[in-house]
file my_file-v7.csv (CSV, C-alpha atoms and all ligand atoms)
chain,number,residue,atom,x,y,z
A,1,MET,CA,-11.7,32.2,7.7
A,2,THR,CA,-15.1,30.6,6.7
A,3,ALA,CA,-16.4,34.2,6.2
A,4,PHE,CA,-14.0,34.6,3.2
A,5,TRP,CA,-15.4,31.5,1.6
A,6,ARG,CA,-19.0,32.5,2.4
A,7,LEU,CA,-18.4,35.7,0.4
A,8,ARG,CA,-16.7,34.0,-2.4
A,9,THR,CA,-19.4,31.3,-2.9
A,10,ARG,CA,-21.6,33.4,-5.2
A,11,LEU,CA,-18.9,34.3,-7.7
A,12,TYR,CA,-16.9,31.1,-7.3
A,13,ASP,CA,-18.2,29.2,-10.4
A,14,VAL,CA,-17.8,32.3,-12.7
A,15,CYS,CA,-14.4,33.5,-11.5
A,16,GLU,CA,-12.6,30.4,-10.3
A,17,GLY,CA,-14.5,27.3,-10.9
A,18,SER,CA,-14.6,26.9,-14.7
A,19,ASP,CA,-13.0,24.2,-16.8
A,20,LEU,CA,-10.3,26.8,-17.5
A,21,ARG,CA,-9.0,25.2,-14.3
A,22,ARG,CA,-8.0,22.2,-16.3
A,23,GLY,CA,-10.8,19.7,-15.7
A,24,GLY,CA,-9.3,17.2,-18.1
A,25,ARG,CA,-6.1,16.9,-16.1
A,26,LYS,CA,-8.1,16.7,-12.8
A,27,ALA,CA,-10.1,13.8,-14.3
A,28,GLU,CA,-6.8,12.0,-15.2
A,29,LEU,CA,-5.7,12.3,-11.6
A,30,PHE,CA,-9.0,11.4,-10.0
A,31,ALA,CA,-9.1,8.2,-12.1
A,32,HIS,CA,-6.5,6.9,-9.5
A,33,MET,CA,-9.1,7.0,-6.7
A,34,GLU,CA,-9.4,3.6,-5.2
A,35,GLY,CA,-11.6,2.2,-2.4
A,36,ARG,CA,-13.0,4.5,0.3
A,37,THR,CA,-12.0,8.0,-0.8
A,38,LEU,CA,-11.8,11.3,1.2
A,39,PHE,CA,-12.1,14.4,-0.9
A,40,MET,CA,-10.8,17.5,0.9
A,41,ALA,CA,-12.8,20.7,0.4
A,42,VAL,CA,-15.4,20.1,-2.4
A,43,GLY,CA,-16.3,23.8,-2.7
A,44,THR,CA,-19.3,24.3,-5.0
A,45,GLY,CA,-18.8,20.8,-6.5
A,46,ILE,CA,-17.3,21.7,-9.8
A,47,ASP,CA,-14.9,18.7,-9.5
A,48,LEU,CA,-17.7,16.2,-9.0
A,49,LYS,CA,-18.2,15.7,-12.7
A,50,HIS,CA,-14.6,14.5,-13.0
A,51,PHE,CA,-15.0,11.7,-10.5
A,52,PRO,CA,-14.7,8.2,-11.9
A,53,ALA,CA,-17.9,6.1,-11.8
A,54,HIS,CA,-16.2,3.4,-9.7
A,55,ALA,CA,-15.4,5.9,-6.9
A,56,ASP,CA,-16.8,5.8,-3.4
A,57,VAL,CA,-16.3,9.4,-2.0
A,58,THR,CA,-16.8,11.2,1.2
A,59,ALA,CA,-16.3,14.9,0.3
A,60,ILE,CA,-15.8,17.4,3.1
A,61,GLU,CA,-16.1,21.2,3.1
A,62,ILE,CA,-16.1,23.8,5.8
A,63,SER,CA,-18.4,26.3,4.2
A,64,ALA,CA,-22.2,25.6,4.4
A,65,GLU,CA,-22.8,28.0,1.5
A,66,MET,CA,-20.3,26.1,-0.7
A,67,LEU,CA,-21.9,22.8,0.3
A,68,ALA,CA,-25.4,24.0,-0.5
A,69,ARG,CA,-24.1,24.7,-4.1
A,70,ALA,CA,-22.4,21.3,-4.3
A,71,ALA,CA,-25.4,19.3,-3.2
A,72,PRO,CA,-27.4,19.5,-6.5
A,73,ARG,CA,-24.2,18.6,-8.5
A,74,GLY,CA,-23.8,15.7,-6.1
A,75,VAL,CA,-27.0,14.2,-7.4
A,76,GLN,CA,-25.6,14.1,-10.9
A,77,CYS,CA,-22.2,12.7,-9.8
A,78,PRO,CA,-21.5,9.3,-11.4
A,79,CYS,CA,-20.2,7.7,-8.2
A,80,GLU,CA,-21.2,7.0,-4.6
A,81,LEU,CA,-21.0,10.4,-2.8
A,82,ARG,CA,-21.5,11.7,0.7
A,83,LEU,CA,-21.1,15.4,1.5
A,84,VAL,CA,-20.1,16.3,5.0
A,85,ARG,CA,-19.5,19.6,6.6
A,86,ALA,CA,-16.2,19.3,8.4
A,87,ASP,CA,-12.9,21.1,9.1
A,88,ALA,CA,-9.9,19.8,7.2
A,89,LEU,CA,-7.8,20.7,10.2
A,90,ASN,CA,-9.9,18.4,12.5
A,91,LEU,CA,-11.4,15.6,10.5
A,92,PRO,CA,-14.2,13.7,12.2
A,93,PHE,CA,-12.9,10.3,10.9
A,94,ALA,CA,-11.1,7.4,12.5
A,95,TYR,CA,-7.5,6.4,11.9
A,96,GLY,CA,-7.1,4.5,8.7
A,97,ALA,CA,-10.7,5.1,7.6
A,98,PHE,CA,-9.8,5.8,3.9
A,99,ASP,CA,-7.9,4.1,1.1
A,100,THR,CA,-7.4,7.3,-0.9
A,101,ALA,CA,-7.4,11.0,-0.1
A,102,VAL,CA,-7.7,13.8,-2.7
A,103,THR,CA,-7.0,17.5,-2.5
A,104,SER,CA,-8.0,19.9,-5.2
A,105,CYS,CA,-6.9,23.6,-4.8
A,106,THR,CA,-7.3,22.8,-1.1
A,107,LEU,CA,-3.9,23.3,0.5
A,108,CYS,CA,-3.7,26.9,-0.8
A,109,SER,CA,-6.9,27.6,1.0
A,110,VAL,CA,-6.7,26.1,4.4
A,111,PRO,CA,-5.0,28.2,7.1
A,112,ASP,CA,-2.6,25.4,8.1
A,113,PRO,CA,-1.7,23.0,5.3
A,114,GLY,CA,0.8,21.1,7.5
A,115,ARG,CA,-2.0,20.3,10.0
A,116,ALA,CA,-4.4,19.4,7.2
A,117,LEU,CA,-1.8,16.9,5.8
A,118,GLN,CA,-1.3,15.4,9.2
A,119,GLU,CA,-5.0,14.9,9.5
A,120,VAL,CA,-5.0,13.2,6.0
A,121,HIS,CA,-2.1,11.1,7.1
A,122,ARG,CA,-4.0,10.0,10.2
A,123,VAL,CA,-7.3,9.0,8.4
A,124,LEU,CA,-5.5,7.2,5.5
A,125,ARG,CA,-4.7,3.5,5.9
A,126,PRO,CA,-1.0,2.6,5.7
A,127,GLY,CA,-0.2,2.3,2.0
A,128,GLY,CA,-3.1,4.6,1.2
A,129,LYS,CA,-2.8,7.0,-1.7
A,130,LEU,CA,-2.8,10.8,-1.6
A,131,LEU,CA,-3.7,12.6,-4.9
A,132,LEU,CA,-3.2,16.3,-5.0
A,133,PHE,CA,-4.1,18.9,-7.7
A,134,GLU,CA,-2.6,22.1,-6.3
A,135,HIS,CA,-1.1,25.4,-7.3
A,136,VAL,CA,2.2,26.0,-5.6
A,137,ARG,CA,5.1,28.4,-5.6
A,138,SER,CA,6.9,27.9,-8.9
A,139,ARG,CA,10.6,26.9,-8.8
A,140,ASN,CA,11.2,29.3,-11.7
A,141,TRP,CA,12.5,32.5,-9.9
A,142,CYS,CA,10.4,34.9,-12.1
A,143,PHE,CA,7.1,33.0,-11.6
A,144,GLY,CA,8.0,32.4,-8.0
A,145,LEU,CA,8.3,36.2,-7.3
A,146,ALA,CA,5.1,36.9,-9.3
A,147,LEU,CA,3.3,34.4,-7.1
A,148,ASP,CA,4.8,36.0,-3.9
A,149,ALA,CA,3.5,39.4,-5.1
A,150,MET,CA,0.0,37.9,-6.0
A,151,THR,CA,-0.2,36.4,-2.5
A,152,LEU,CA,0.0,39.8,-0.9
A,153,TRP,CA,-3.6,40.4,-2.0
A,154,THR,CA,-5.0,36.8,-2.6
A,155,ARG,CA,-4.3,36.0,1.1
A,156,LEU,CA,-6.8,38.7,2.0
A,157,ALA,CA,-9.5,36.4,0.5
A,158,GLY,CA,-8.1,33.2,2.0
A,159,THR,CA,-5.8,31.9,-0.7
A,160,GLU,CA,-2.0,31.6,-0.6
A,161,MET,CA,-0.5,31.3,-4.1
A,162,ASN,CA,3.0,30.5,-3.0
A,163,ARG,CA,3.1,27.5,-0.8
A,164,ASP,CA,5.7,24.8,-1.0
A,165,THR,CA,3.2,22.0,-1.0
A,166,VAL,CA,5.6,19.3,-2.2
A,167,ALA,CA,7.8,19.9,0.9
A,168,SER,CA,4.7,19.9,3.2
A,169,VAL,CA,3.5,16.6,1.7
A,170,ARG,CA,6.9,15.0,2.4
A,171,ARG,CA,7.1,16.5,5.9
A,172,ALA,CA,3.7,15.0,6.8
A,173,GLY,CA,5.1,11.5,6.2
A,174,PHE,CA,4.2,10.8,2.6
A,175,GLU,CA,6.4,9.4,-0.1
A,176,ILE,CA,6.0,11.2,-3.4
A,177,ARG,CA,5.6,8.8,-6.3
A,178,ARG,CA,5.0,11.2,-9.2
A,179,ILE,CA,4.7,14.9,-10.0
A,180,ASP,CA,3.4,16.3,-13.3
A,181,SER,CA,3.4,20.0,-14.1
A,182,VAL,CA,0.0,20.9,-15.4
A,183,PHE,CA,0.9,24.6,-16.0
A,184,LEU,CA,4.3,26.2,-15.8
A,185,ASP,CA,5.3,24.4,-12.6
A,186,ILE,CA,2.6,26.4,-10.9
A,187,ILE,CA,-0.2,23.9,-11.0
A,188,LEU,CA,1.0,20.4,-10.1
A,189,SER,CA,-0.7,17.0,-10.2
A,190,ILE,CA,1.0,14.9,-7.5
A,191,GLN,CA,0.7,11.3,-6.5
A,192,ALA,CA,1.9,10.2,-3.1
A,193,VAL,CA,1.6,7.2,-0.7
A,194,LYS,CA,1.4,7.0,3.1
A,195,ASN,CA,4.4,4.8,3.9
A,196,LEU,CA,5.6,6.0,7.2
A,197,PRO,CA,4.1,7.0,10.5
A,198,SER,CA,3.8,10.8,10.4
A,199,PRO,CA,6.5,12.4,12.7
A,200,THR,CA,3.8,14.6,14.2
A,201,SER,CA,0.6,12.6,14.2
A,202,GLY,CA,-0.1,9.6,16.4
A,203,THR,CA,-1.8,6.4,15.3
A,204,ARG,CA,-4.5,6.9,17.8
A,205,ASP,CA,-8.0,7.9,16.8
A,206,ARG,CA,-7.3,11.4,18.1
A,207,ALA,CA,-10.8,12.5,18.6
A,208,GLY,CA,-11.8,9.2,20.1
A,209,LEU,CA,-14.2,8.8,17.3
A,210,GLY,CA,-14.7,5.2,16.0
A,211,ARG,CA,-15.5,4.4,12.4
A,212,ARG,CA,-19.0,3.8,13.5
A,213,ARG,CA,-19.5,7.4,14.6
A,214,SER,CA,-17.9,8.6,11.4
A,215,LEU,CA,-20.4,6.6,9.3
A,216,ALA,CA,-23.3,7.8,11.4
A,217,ARG,CA,-22.4,11.4,10.7
A,218,ILE,CA,-21.9,10.7,7.0
A,219,ALA,CA,-25.2,8.9,6.9
A,220,GLY,CA,-26.9,12.1,8.1
A,221,ALA,CA,-25.5,13.8,5.0
A,222,GLY,CA,-26.5,17.0,6.5
A,223,VAL,CA,-24.5,20.1,7.5
A,224,PRO,CA,-24.0,19.9,11.3
A,225,PRO,CA,-23.3,23.1,13.1
A,226,LEU,CA,-19.6,23.9,13.1
A,227,ALA,CA,-17.8,26.6,15.0
A,228,ALA,CA,-16.6,29.3,12.7
A,229,THR,CA,-12.8,29.5,12.3
B,301,LIG,C1,-10.2,27.1,-3.9
B,301,LIG,S1,-11.5,26.3,-3.2
B,301,LIG,C2,-11.4,24.7,-3.9
B,301,LIG,C3,-12.7,24.0,-4.0
B,301,LIG,C4,-12.8,22.8,-5.0
B,301,LIG,N1,-11.9,21.8,-4.6
B,301,LIG,C5,-12.4,23.4,-6.4
B,301,LIG,O1,-11.3,23.0,-6.9
B,301,LIG,O2,-13.2,24.1,-6.9
B,301,LIG,C6,-11.0,26.0,-1.5
B,301,LIG,C7,-12.1,25.4,-0.7
B,301,LIG,O3,-11.6,25.1,0.6
B,301,LIG,C8,-12.5,25.3,1.6
B,301,LIG,N2,-11.9,25.4,2.9
B,301,LIG,C9,-11.1,26.4,3.4
B,301,LIG,N3,-10.7,26.1,4.6
B,301,LIG,C10,-11.2,24.9,4.9
B,301,LIG,C11,-11.1,24.0,6.1
B,301,LIG,N4,-10.4,24.4,7.1
B,301,LIG,N5,-11.7,22.9,6.0
B,301,LIG,C12,-12.4,22.5,4.9
B,301,LIG,N6,-12.6,23.2,3.9
B,301,LIG,C13,-11.9,24.4,3.8
B,301,LIG,C14,-13.2,26.6,1.2
B,301,LIG,O4,-14.5,26.8,1.8
B,301,LIG,C15,-13.3,26.4,-0.4
B,301,LIG,O5,-14.5,25.8,-0.7

call {"tool": "encode", "arguments": {"input": "my_file-v7.csv", "output": "structure tokens"}}
result
Amino acid sequence: MTAFWRLRTRLYDVCEGSDLRRGGRKAELFAHMEGRTLFMAVGTGIDLKHFPAHADVTAIEISAEMLARAAPRGVQCPCELRLVRADALNLPFAYGAFDTAVTSCTLCSVPDPGRALQEVHRVLRPGGKLLLFEHVRSRNWCFGLALDAMTLWTRLAGTEMNRDTVASVRRAGFEIRRIDSVFLDIILSIQAVKNLPSPTSGTRDRAGLGRRRSLARIAGAGVPPLAAT
């Protein structure tokens, strides 16, 4: 899976990462970041300029190539920022380590969005916020079918265009507070809260990693070796 993203890194900013992807609407959503914030899959860092100055962000990403592109943009980021190479499906952070988690075109890209959301649920504190900027399968039948058709080839490059992300967020144990359609019910800006224990994730620090270890890894701000998925 990481191989797809390695190949897509070079063309990412030109083809996919421009402000055509509605940077202004992302900034509106990211303004709700509060406290210790986990950003899931930073890519080449095009979102960094939309982070609010008050934010304190740990941004993860599985691809070393993407992270290498994000690093110079991180220097110009207005807020506190740590870049960490990590797998969204196996986060190296303790239970309740974050106050806010953010996804941005992430859940279409990870192989198992349900598992990624369980991991987010685990590392968020109870009452913590989840902010999502995602494209999903439209409820309009015509757009929905078009997205199904597009997914036949986009999935070859690691992106599923037709996921039911709202249902996945609820299933992972979040309460949805607000959904705004950014584009034709295909791109959604979603605000949710961790209210309940996830039906599928425990409250235990699954990896046995304490907050101290998480911070140590962050402090390294490097790109530790990670098994390819
Ligand atoms: C569509 S890009 C979005 C990047 C950025 N958020 C943006 O909007 O430009 C999806 C990103 O997810 C990353 N990704 C895919 N699988 C992942 C995983 N299991 N863990 C962490 N990141 C992953 C890819 O490397 C890629 O950078």

call {"tool": "residues_near_ligand", "arguments": {"input": "my_file-v7.csv", "ligand": "ligand LIG 301 (chain B)", "cutoff": "6 Å", "atoms": "all atoms listed in the file", "output": "PyMOL selection string"}}
result
chain A and resi 5+17+41-43+46+61-63+66+87-89+104-106+109-110

call {"tool": "closest_residue", "arguments": {"input": "my_file-v7.csv", "among": "A:Leu107, A:Leu48, A:Val136, A:Ala101", "to": "Gly158 in chain A", "atoms": "only C-alpha atoms"}}
result
A:Leu107

call {"tool": "residues_around", "arguments": {"input": "my_file-v7.csv", "residues": "Cys79 in chain A", "least_positions_apart": "2", "cutoff": "7 Å", "atoms": "all atoms listed in the file", "output": "list in words"}}
result
Phe51, Pro52, Ala53, His54, Ala55, Asp56, Cys77 and Leu81 of chain A

call {"tool": "closest_residue", "arguments": {"input": "my_file-v7.csv", "among": "A:Glu119, A:Asp112, A:Glu65, A:Glu134", "to": "Arg22 in chain A", "atoms": "only C-alpha atoms"}}
result
A:Glu134

call {"tool": "residues_around", "arguments": {"input": "my_file-v7.csv", "residues": "Leu131 in chain A", "least_positions_apart": "6", "cutoff": "9 Å", "atoms": "all atoms listed in the file", "output": "JSON, numbers by chain"}}
result
{"A": [29, 30, 32, 33, 100, 101, 102, 103, 104, 189, 190, 191, 192, 193]}

call {"tool": "atom_distance", "arguments": {"input": "my_file-v7.csv", "atom1": "CA of Asp180 in chain A", "atom2": "CA of Leu156 in chain A"}}
result
29.0 Å

call {"tool": "residues_around", "arguments": {"input": "my_file-v7.csv", "residues": "range 122-128 of chain A", "least_positions_apart": "3", "cutoff": "7 Å", "atoms": "all atoms listed in the file", "output": "list in words"}}
result
Phe93, Ala94, Tyr95, Gly96, Ala97, Phe98, Asp99, Thr100, Gln118, Glu119, Val193, Lys194, Asn195, Ser201 and Thr203 of chain A

call {"tool": "closest_residue", "arguments": {"input": "my_file-v7.csv", "among": "A:Arg137, A:Lys129, A:Arg177, A:Arg36", "to": "Ala149 in chain A", "atoms": "only C-alpha atoms"}}
result
A:Arg137

call {"tool": "atom_distance", "arguments": {"input": "my_file-v7.csv", "atom1": "CA of Gln76 in chain A", "atom2": "CA of Lys49 in chain A"}}
result
7.8 Å

call {"tool": "atom_distance", "arguments": {"input": "my_file-v7.csv", "atom1": "CA of Thr58 in chain A", "atom2": "CA of Arg171 in chain A"}}
result
24.9 Å

call {"tool": "closest_residue", "arguments": {"input": "my_file-v7.csv", "among": "A:Met150, A:Ala71, A:Ala167, A:Ile186", "to": "Gly114 in chain A", "atoms": "all atoms listed in the file"}}
result
A:Ala167

call {"tool": "residues_around", "arguments": {"input": "my_file-v7.csv", "residues": "Thr44 in chain A", "least_positions_apart": "4", "cutoff": "7 Å", "atoms": "all atoms listed in the file", "output": "ChimeraX atom specification"}}
result
/A:66-67,69-70

call {"tool": "closest_residue", "arguments": {"input": "my_file-v7.csv", "among": "A:Pro72, A:Leu91, A:Glu80, A:Gly23", "to": "Met40 in chain A", "atoms": "only C-alpha atoms"}}
result
A:Leu91

call {"tool": "residues_around", "arguments": {"input": "my_file-v7.csv", "residues": "Asp148 in chain A", "least_positions_apart": "6", "cutoff": "12 Å", "atoms": "only C-alpha atoms", "output": "VMD selection string"}}
result
chain A and resid 136 to 139 141 to 142 154 to 155 159 to 164

call {"tool": "write_last_selection", "arguments": {"input": "my_file-v7.csv", "atoms": "C-alpha atoms", "output": "PDB file, in the frame of the given file"}}
result
ATOM      1  CA  VAL A 136       2.200  26.000  -5.600  1.00  0.00           C
ATOM      2  CA  ARG A 137       5.100  28.400  -5.600  1.00  0.00           C
ATOM      3  CA  SER A 138       6.900  27.900  -8.900  1.00  0.00           C
ATOM      4  CA  ARG A 139      10.600  26.900  -8.800  1.00  0.00           C
ATOM      5  CA  TRP A 141      12.500  32.500  -9.900  1.00  0.00           C
ATOM      6  CA  CYS A 142      10.400  34.900 -12.100  1.00  0.00           C
ATOM      7  CA  THR A 154      -5.000  36.800  -2.600  1.00  0.00           C
ATOM      8  CA  ARG A 155      -4.300  36.000   1.100  1.00  0.00           C
ATOM      9  CA  THR A 159      -5.800  31.900  -0.700  1.00  0.00           C
ATOM     10  CA  GLU A 160      -2.000  31.600  -0.600  1.00  0.00           C
ATOM     11  CA  MET A 161      -0.500  31.300  -4.100  1.00  0.00           C
ATOM     12  CA  ASN A 162       3.000  30.500  -3.000  1.00  0.00           C
ATOM     13  CA  ARG A 163       3.100  27.500  -0.800  1.00  0.00           C
ATOM     14  CA  ASP A 164       5.700  24.800  -1.000  1.00  0.00           C
TER      15      ASP A 164
END

call {"tool": "decode", "arguments": {"input": "my_file-v7.csv", "residues": "range 62-93 of chain A", "atoms": "N, CA and C atoms", "output": "short mmCIF file (atom, residue, chain, number, x, y, z; two decimals), in the first residue's frame"}}
result
data_model
loop_
_atom_site.label_atom_id
_atom_site.label_comp_id
_atom_site.auth_asym_id
_atom_site.auth_seq_id
_atom_site.Cartn_x
_atom_site.Cartn_y
_atom_site.Cartn_z
N ILE A 62 2.22 7.69 6.70
CA ILE A 62 2.89 6.40 6.54
C ILE A 62 4.04 6.47 5.53
N SER A 63 3.94 7.39 4.58
CA SER A 63 4.92 7.41 3.49
C SER A 63 6.09 8.35 3.82
N ALA A 64 7.29 7.80 3.80
CA ALA A 64 8.49 8.62 4.07
C ALA A 64 8.65 9.70 3.00
N GLU A 65 8.28 9.36 1.77
CA GLU A 65 8.43 10.33 0.67
C GLU A 65 7.49 11.51 0.87
N MET A 66 6.26 11.23 1.24
CA MET A 66 5.30 12.31 1.53
C MET A 66 5.82 13.17 2.68
N LEU A 67 6.30 12.51 3.73
CA LEU A 67 6.78 13.25 4.91
C LEU A 67 7.95 14.16 4.55
N ALA A 68 8.83 13.66 3.68
CA ALA A 68 9.99 14.48 3.28
C ALA A 68 9.53 15.76 2.60
N ARG A 69 8.44 15.67 1.84
CA ARG A 69 7.88 16.88 1.19
C ARG A 69 7.20 17.78 2.20
N ALA A 70 6.59 17.16 3.21
CA ALA A 70 5.86 17.97 4.19
C ALA A 70 6.80 18.75 5.10
N ALA A 71 7.99 18.21 5.34
CA ALA A 71 8.88 18.80 6.35
C ALA A 71 9.18 20.29 6.11
N PRO A 72 9.59 20.71 4.88
CA PRO A 72 9.85 22.14 4.69
C PRO A 72 8.62 23.01 4.90
N ARG A 73 7.46 22.47 4.55
CA ARG A 73 6.22 23.24 4.77
C ARG A 73 5.94 23.35 6.26
N GLY A 74 6.38 22.33 7.00
CA GLY A 74 6.17 22.35 8.45
C GLY A 74 6.89 23.52 9.10
N VAL A 75 8.04 23.89 8.55
CA VAL A 75 8.81 25.00 9.12
C VAL A 75 7.99 26.29 9.06
N GLN A 76 7.20 26.41 7.98
CA GLN A 76 6.41 27.64 7.81
C GLN A 76 5.03 27.56 8.48
N CYS A 77 4.74 26.42 9.05
CA CYS A 77 3.42 26.25 9.67
C CYS A 77 3.29 27.21 10.85
N PRO A 78 2.15 27.88 10.98
CA PRO A 78 2.01 28.89 12.03
C PRO A 78 1.91 28.32 13.44
N CYS A 79 1.75 26.99 13.57
CA CYS A 79 1.48 26.44 14.91
C CYS A 79 2.60 25.50 15.36
N GLU A 80 2.48 24.98 16.57
CA GLU A 80 3.36 23.91 17.08
C GLU A 80 3.11 22.66 16.23
N LEU A 81 4.18 22.06 15.69
CA LEU A 81 3.95 20.90 14.82
C LEU A 81 5.04 19.86 14.99
N ARG A 82 4.64 18.61 15.09
CA ARG A 82 5.57 17.48 15.07
C ARG A 82 5.13 16.55 13.96
N LEU A 83 6.08 16.12 13.13
CA LEU A 83 5.77 15.16 12.06
C LEU A 83 6.27 13.79 12.49
N VAL A 84 5.43 12.79 12.38
CA VAL A 84 5.79 11.45 12.84
C VAL A 84 5.42 10.44 11.78
N ARG A 85 6.36 9.57 11.45
CA ARG A 85 6.01 8.49 10.53
C ARG A 85 5.29 7.39 11.31
N ALA A 86 4.05 7.15 10.96
CA ALA A 86 3.27 6.15 11.69
C ALA A 86 2.15 5.64 10.81
N ASP A 87 1.66 4.46 11.19
CA ASP A 87 0.56 3.83 10.48
C ASP A 87 -0.75 4.19 11.17
N ALA A 88 -1.70 4.74 10.42
CA ALA A 88 -2.99 5.13 10.99
C ALA A 88 -3.73 3.94 11.58
N LEU A 89 -3.37 2.73 11.14
CA LEU A 89 -4.06 1.54 11.62
C LEU A 89 -3.44 0.99 12.90
N ASN A 90 -2.36 1.61 13.33
CA ASN A 90 -1.64 1.11 14.51
C ASN A 90 -0.90 2.29 15.13
N LEU A 91 -1.63 3.19 15.72
CA LEU A 91 -1.04 4.46 16.17
C LEU A 91 -0.14 4.25 17.39
N PRO A 92 1.04 4.87 17.38
CA PRO A 92 1.97 4.68 18.49
C PRO A 92 1.73 5.65 19.64
N PHE A 93 0.46 5.83 20.02
CA PHE A 93 0.12 6.79 21.07
C PHE A 93 -0.77 6.11 22.11
#
